Amino acid sequence: MIPLLARQSIDRKVSDHLSVIVGNYEYYYACGLLNRRLSLGLPSDIKPQDLFEKMQDLLKDITIEAPTGDDVTDEDYLKYLVKRYEPDDRYDDQMKELFTFDG
């Protein structure tokens with residue numbers, strides 16, 4: 001996987017408010033964005049199931065319906081995307097890299 005593709009994909013989905021997360025690479029990048037924006041302090045080597053549980057707990061008040069309207073922020077849409085995705089057990093160093101990417 002080329003990390004740039006996952007980053008560009010999520011950045012575009014969030015800015016356009018459409019589509020879904022389609023894999024663990026995108027999921028890790030999206031969760032890393034939320035980790036930094038919300039100062040969650042999650043470790044970079046968190047495994048998929050643990051990350052999923054933390055994110056689901058954090059986003060438990062987010063409805064599963066797509067947020068719409070002019071008042072929807074990119075952060076709201078990012079939360080929506082993360083809430084809907086359930087990762088599989090695959091994990092590698094590129095996911096850690098995507099989770100910590102801050103560029």
# chains A, B, ... in the order shown; residues from 1 in each chain; ligands from 1
>>> residues_around(residues="Met95 (chain A)", least_positions_apart="6", cutoff="12 Å", atoms="only C-alpha atoms", output="number ranges by chain")
A: 1-4, 6-7, 23-32, 44-48, 51, 87, 89, 101
>>> select_by_dssp(residues="chain A", states="helix (DSSP H, G or I)", output="PyMOL selection string")
chain A and resi 3-16+24-37+48-58+74-84+93-100
>>> closest_residue(among="A:Gln56, A:Gln49, A:Gln94, A:Asn35", to="Glu75 (chain A)", atoms="only C-alpha atoms")
A:Asn35
>>> closest_residue(among="A:Ile62, A:Val72, A:Leu18, A:Met55", to="Leu34 (chain A)", atoms="only C-alpha atoms")
A:Met55
>>> closest_residue(among="A:Leu5, A:Val22, A:Leu38, A:Ile10", to="Arg84 (chain A)", atoms="only C-alpha atoms")
A:Val22
>>> closest_residue(among="A:Tyr85, A:Thr63, A:Val14, A:Asp50", to="Leu33 (chain A)", atoms="only C-alpha atoms")
A:Val14
>>> residues_around(residues="Ala66 (chain A)", least_positions_apart="2", cutoff="8 Å", atoms="only C-alpha atoms", output="short mmCIF file (atom, residue, chain, number, x, y, z; two decimals) with all heavy atoms, in the first residue's frame")
data_model
loop_
_atom_site.label_atom_id
_atom_site.label_comp_id
_atom_site.auth_asym_id
_atom_site.auth_seq_id
_atom_site.Cartn_x
_atom_site.Cartn_y
_atom_site.Cartn_z
N THR A 63 -24.82 9.54 15.31
CA THR A 63 -25.80 8.70 14.62
C THR A 63 -25.15 8.10 13.38
O THR A 63 -24.21 8.66 12.82
CB THR A 63 -27.04 9.50 14.21
OG1 THR A 63 -26.64 10.55 13.33
CG2 THR A 63 -27.75 10.08 15.42
N ILE A 64 -25.66 6.99 12.93
CA ILE A 64 -25.08 6.29 11.79
C ILE A 64 -25.53 6.90 10.45
O ILE A 64 -24.96 6.64 9.42
CB ILE A 64 -25.38 4.78 11.85
CG1 ILE A 64 -24.40 3.99 10.97
CG2 ILE A 64 -26.81 4.48 11.49
CD1 ILE A 64 -22.99 4.01 11.44
N THR A 68 -25.79 15.76 6.99
CA THR A 68 -26.01 16.57 5.80
C THR A 68 -26.24 18.02 6.21
O THR A 68 -26.48 18.33 7.36
CB THR A 68 -27.24 16.08 5.02
OG1 THR A 68 -28.38 16.12 5.89
CG2 THR A 68 -27.05 14.67 4.51
N TYR A 77 -17.95 14.88 9.66
CA TYR A 77 -17.99 13.85 8.63
C TYR A 77 -16.91 12.81 8.85
O TYR A 77 -17.14 11.62 8.65
CB TYR A 77 -17.89 14.45 7.23
CG TYR A 77 -18.44 13.49 6.21
CD1 TYR A 77 -19.81 13.38 6.03
CD2 TYR A 77 -17.61 12.66 5.48
CE1 TYR A 77 -20.34 12.46 5.13
CE2 TYR A 77 -18.13 11.74 4.58
CZ TYR A 77 -19.49 11.65 4.42
OH TYR A 77 -20.01 10.72 3.55
N TYR A 80 -18.17 10.49 11.40
CA TYR A 80 -19.17 9.62 10.78
C TYR A 80 -18.51 8.47 10.01
O TYR A 80 -18.90 7.32 10.14
CB TYR A 80 -20.06 10.46 9.86
CG TYR A 80 -20.86 9.68 8.87
CD1 TYR A 80 -21.99 8.97 9.26
CD2 TYR A 80 -20.51 9.67 7.53
CE1 TYR A 80 -22.74 8.25 8.34
CE2 TYR A 80 -21.25 8.96 6.61
CZ TYR A 80 -22.36 8.25 7.01
OH TYR A 80 -23.09 7.54 6.09
#
>>> closest_residue(among="A:Leu78, A:Pro43, A:Asp57, A:Asp71", to="Lys13 (chain A)", atoms="only C-alpha atoms")
A:Leu78
>>> closest_residue(among="A:Leu98, A:Asp93, A:Ser15, A:Arg37", to="Asp74 (chain A)", atoms="only C-alpha atoms")
A:Ser15
>>> atom_distance(atom1="CA of Leu81 (chain A)", atom2="CA of Ser19 (chain A)")
8.3 Å
>>> residues_around(residues="Leu58 (chain A)", least_positions_apart="4", cutoff="10 Å", atoms="only C-alpha atoms", output="list in words")
Leu40, Phe52, Glu53, Lys54, Ile62, Lys79 and Lys83 of chain A
